[in-house]
Amino acid sequence: MADSDGERDDVPLLGPLQLEGWRSQLQLKDYVAAVVAVCMVGLGVTAIALVYNYQTEIIDEYSIVLDAGSTHTDLMVYKWTTKDVLQGTALVKQIGSCMSTGGSISSYASTDPNKAGSSLEGCIRNTAEKLIPTYLQAKSPIYLGATAGMRLVRETDTEAADQIMKSVQHTLHASPFKFQDEQARIISGDEEGLSSWVTVNYLRGGLLYRGILSNSSVQPTAHLQGALDMGGASTQITFPLHPGVTVPQKYTKYLHLYGRRHRLYTHSYLCYGNKEAERRYMFSLLKNSSMAAIVDNPCAPEGLVENRTVQYLLQPPCVDSHIPSSNQTFYTFRGTGNVTECSSKVARMFNFSSCFGSTNCSFDGVFQPSTEDTKFVAFSSYYYVAHSLNLTSASPSGNISLAGLKRAADKFCSEPWAEVDTGNSPKQFLKTLCFDAQYIFTLLTQGYHLNENSSDVSFQNSIHGRSLGWALGFMINATNLLPINEPTYRVQTEAFMAVVIVAAILISLGVLLAITATRRAVNRKKMSPRGLAI
């Protein structure tokens, strides 16, 4: 019932003290409700903010390159951003690396080709998967380039080479990264040489001209340099061609990088890497000795005695293994330290007469334009030889005259083995240092026609702390072929949608609770003298 004033008469009348207690209880309830409402709205907004941050654009790009060399496989992880693509080519940086412990994939040709792929799993799992965010792994390509070691296997045992590559492809398919079969292959010597050239000149800054640089740590230089790479089974020479120089199409390559077109000469010499050259040299000593059990080696310090198995000496395809039958299982090579004879025998490893006196020819009848006015960076085995002769410590820039290299090589070759100073190199490596040094001097001066009295060759292992090799250059060039994607967003998952729904519910309940508490507070202001007006 309501009285004439329209107020309810069934609400009990409260005294002043009772009314004040009633009000305090309601105020406390409303205060708690307000706190709960604020917390619910806060939680909802925080969840939405986290989701928004999760949904922000992805600009990071990653890729992996596996350098499957003749002695081991190196894994490199690279990164760039979609905003650092300059005229179609990315500014790539290496963020991690790993050397496989399973040896080279080519070594499985003589054991079990189907196990070659498993040798890559450790580096993929422990390095690549840890450096690349999980949500980007499926879009990050992984490449494998097998170099001269596998080129030799392909020459001698096509079936084993195919099995090795299938094993590798199977492993890369099983990885969380983006992969298709053509991303693992045996690369050509020319591609290896070109990629090494890109690495050298990218790290020196020569590829990046001032007009396209902004806030880059890589600074441009005036001239592009040539690249000299030597591995265990092959060696490459690559350098830019001067305008107007005519070169047969076979030896001319073009690269488009950072908006510029480069015309280059490149050639790869299979079987002229330092390990295969050593094998060919020792086999030639054996043949010339009429298969004697003990053979003099003029390219080894006096007093050094080494045994080489027949299996090592007759390993195809670089060695012509047609020799008289013998019961020997190994041969002994005895160092004599005869520098003159050593130089003569090393020179015979190159067919210089096939050039018929032409200055545009290196050896074995291979065309090569003049290297005059071209500076080179020599790395890999070149660097390790110069370093073992203690030449790089005297010249931090790596610029060493070839005449200086020859003097250091002659001095080392003339020292008795017992008196050899190991320096920073393992003594095992020094066993072939005399030959290696004489070999690269002959190759650079008589083969490539570099001036021995100039310092046009810089022996380096890294530039600005970043390792030299073909993999970085390969990745830089590959970015020209990758699609230039607009920034993308992370894929919405069920968990993502659940967070959005829960956040929306929290915000809605919090707002509803706040509205209810506010109404109750407003109603309390309408209290009548007889009690609460509800």
# chains A, B, ... in the order shown; residues from 1 in each chain; ligands from 1
call {"tool": "select_by_dssp", "arguments": {"residues": "segment 49-164 of chain A", "states": "alpha helix (DSSP H)", "output": "PyMOL selection string"}}
result
chain A and resi 49-54+121-123+129-131+134-137+148-156+158-164
call {"tool": "closest_atom_pairs", "arguments": {"of": "segment 316-356 of chain A", "to": "segment 433-453 of chain A", "cutoff": "7 Å", "atoms": "only C-alpha atoms", "output": "tab-separated table"}}
result
residue	atom	partner	partner_atom	distance
A:Ser343	CA	A:Gln438	CA	6.4
A:Val346	CA	A:Tyr439	CA	6.1
A:Ala347	CA	A:Thr442	CA	6.6
call {"tool": "residues_around", "arguments": {"residues": "Gln94 of chain A", "least_positions_apart": "5", "cutoff": "8 Å", "atoms": "only C-alpha atoms", "output": "number ranges by chain"}}
result
A: 76-79, 472
call {"tool": "atom_distance", "arguments": {"atom1": "atom CA of Arg334 of chain A", "atom2": "atom CA of Ala293 of chain A"}}
result
10.6 Å
call {"tool": "residues_around", "arguments": {"residues": "segment 56-73 of chain A", "least_positions_apart": "2", "cutoff": "7 Å", "atoms": "only C-alpha atoms", "output": "number ranges by chain"}}
result
A: 52-54, 75-82, 99-100, 103-106, 132, 140-149, 232-233, 471, 487-489
call {"tool": "write_last_selection", "arguments": {"atoms": "N, CA and C atoms", "output": "tab-separated table (two decimals), in the first residue's frame"}}
result
chain	number	residue	atom	x	y	z
A	52	TYR	N	46.22	-6.82	-28.72
A	52	TYR	CA	46.58	-5.82	-29.75
A	52	TYR	C	48.08	-5.87	-30.03
A	53	ASN	N	48.86	-5.99	-28.95
A	53	ASN	CA	50.31	-6.09	-29.14
A	53	ASN	C	50.66	-7.37	-29.89
A	54	TYR	N	49.96	-8.43	-29.58
A	54	TYR	CA	50.18	-9.71	-30.29
A	54	TYR	C	49.84	-9.58	-31.76
A	75	LEU	N	75.99	-24.03	-40.18
A	75	LEU	CA	74.64	-23.46	-40.26
A	75	LEU	C	74.72	-22.00	-39.85
A	76	MET	N	74.13	-21.12	-40.65
A	76	MET	CA	74.06	-19.70	-40.35
A	76	MET	C	72.61	-19.24	-40.32
A	77	VAL	N	72.26	-18.45	-39.31
A	77	VAL	CA	70.92	-17.88	-39.21
A	77	VAL	C	71.00	-16.39	-39.53
A	78	TYR	N	70.15	-15.94	-40.45
A	78	TYR	CA	70.16	-14.54	-40.91
A	78	TYR	C	68.84	-13.87	-40.60
A	79	LYS	N	68.92	-12.53	-40.46
A	79	LYS	CA	67.74	-11.74	-40.13
A	79	LYS	C	67.78	-10.42	-40.88
A	80	TRP	N	66.61	-9.95	-41.27
A	80	TRP	CA	66.46	-8.60	-41.81
A	80	TRP	C	65.01	-8.19	-41.57
A	81	THR	N	64.67	-6.97	-41.88
A	81	THR	CA	63.30	-6.52	-41.71
A	81	THR	C	62.74	-6.10	-43.07
A	82	THR	N	61.41	-6.09	-43.15
A	82	THR	CA	60.77	-5.69	-44.40
A	82	THR	C	61.04	-4.22	-44.71
A	99	MET	N	78.44	-25.20	-36.09
A	99	MET	CA	79.20	-26.16	-36.90
A	99	MET	C	78.74	-27.57	-36.53
A	100	SER	N	78.36	-28.32	-37.54
A	100	SER	CA	77.88	-29.68	-37.28
A	100	SER	C	79.02	-30.55	-36.77
A	103	GLY	N	80.59	-34.27	-39.24
A	103	GLY	CA	81.44	-34.27	-40.43
A	103	GLY	C	80.70	-33.74	-41.64
A	104	SER	N	81.31	-33.85	-42.80
A	104	SER	CA	80.70	-33.37	-44.03
A	104	SER	C	79.67	-34.37	-44.54
A	105	ILE	N	78.66	-33.87	-45.24
A	105	ILE	CA	77.67	-34.81	-45.79
A	105	ILE	C	78.31	-35.66	-46.88
A	106	SER	N	79.35	-35.15	-47.54
A	106	SER	CA	80.02	-35.93	-48.60
A	106	SER	C	80.73	-37.15	-48.03
A	132	ILE	N	65.00	-18.35	-33.99
A	132	ILE	CA	63.87	-17.86	-34.78
A	132	ILE	C	62.59	-18.09	-33.99
A	140	SER	N	59.89	-19.05	-42.54
A	140	SER	CA	61.32	-18.77	-42.69
A	140	SER	C	61.97	-19.88	-43.51
A	141	PRO	N	62.50	-19.56	-44.69
A	141	PRO	CA	63.08	-20.60	-45.56
A	141	PRO	C	64.41	-21.11	-45.04
A	142	ILE	N	64.68	-22.38	-45.30
A	142	ILE	CA	65.96	-22.99	-44.97
A	142	ILE	C	66.57	-23.53	-46.25
A	143	TYR	N	67.86	-23.19	-46.48
A	143	TYR	CA	68.57	-23.59	-47.68
A	143	TYR	C	69.79	-24.43	-47.31
A	144	LEU	N	70.17	-25.32	-48.20
A	144	LEU	CA	71.44	-26.03	-48.06
A	144	LEU	C	72.16	-26.00	-49.41
A	145	GLY	N	73.40	-25.54	-49.36
A	145	GLY	CA	74.24	-25.55	-50.55
A	145	GLY	C	75.42	-26.47	-50.32
A	146	ALA	N	75.50	-27.53	-51.10
A	146	ALA	CA	76.63	-28.46	-51.02
A	146	ALA	C	77.67	-28.02	-52.03
A	147	THR	N	78.92	-27.95	-51.61
A	147	THR	CA	79.97	-27.38	-52.46
A	147	THR	C	80.85	-28.48	-53.06
A	148	ALA	N	82.15	-28.22	-53.16
A	148	ALA	CA	83.03	-29.06	-53.97
A	148	ALA	C	83.10	-30.51	-53.49
A	149	GLY	N	82.97	-30.74	-52.17
A	149	GLY	CA	83.01	-32.11	-51.69
A	149	GLY	C	81.93	-32.97	-52.33
A	232	GLY	N	88.66	-27.07	-49.39
A	232	GLY	CA	89.46	-28.28	-49.46
A	232	GLY	C	89.51	-28.90	-50.83
A	233	ALA	N	88.43	-28.73	-51.64
A	233	ALA	CA	88.36	-29.41	-52.93
A	233	ALA	C	88.38	-28.48	-54.13
A	471	ALA	N	77.99	-18.10	-47.87
A	471	ALA	CA	76.61	-18.22	-47.38
A	471	ALA	C	75.90	-16.86	-47.25
A	487	PRO	N	54.03	-5.99	-44.31
A	487	PRO	CA	54.01	-6.48	-42.93
A	487	PRO	C	52.75	-7.31	-42.68
A	488	THR	N	52.91	-8.47	-42.09
A	488	THR	CA	51.80	-9.38	-41.85
A	488	THR	C	51.42	-9.40	-40.38
A	489	TYR	N	50.42	-10.17	-40.05
A	489	TYR	CA	49.93	-10.26	-38.68
A	489	TYR	C	49.94	-11.72	-38.23
call {"tool": "atom_distance", "arguments": {"atom1": "atom CA of Ser118 of chain A", "atom2": "atom CA of Gly102 of chain A"}}
result
8.3 Å
call {"tool": "select_by_dssp", "arguments": {"residues": "segment 74-279 of chain A", "states": "strand (DSSP E)", "output": "number ranges by chain"}}
result
A: 74-81, 85-86, 89-90, 93-99, 142-146, 184-186, 226-230, 234-240, 252-257, 260-270
call {"tool": "closest_atom_pairs", "arguments": {"of": "segment 79-195 of chain A", "to": "segment 257-270 of chain A", "cutoff": "6 Å", "atoms": "only C-alpha atoms", "output": "Markdown table"}}
result
| residue | atom | partner | partner_atom | distance |
| --- | --- | --- | --- | --- |
| A:Leu86 | CA | A:Tyr258 | CA | 5.7 |
| A:Gln87 | CA | A:Tyr258 | CA | 5.2 |
| A:Thr89 | CA | A:Tyr258 | CA | 5.3 |
| A:Gly189 | CA | A:Ser268 | CA | 4.9 |
| A:Asp190 | CA | A:His267 | CA | 5.8 |
call {"tool": "residues_around", "arguments": {"residues": "Lys375 of chain A", "least_positions_apart": "3", "cutoff": "8 Å", "atoms": "only C-alpha atoms", "output": "PyMOL selection string"}}
result
chain A and resi 225-226+456-458
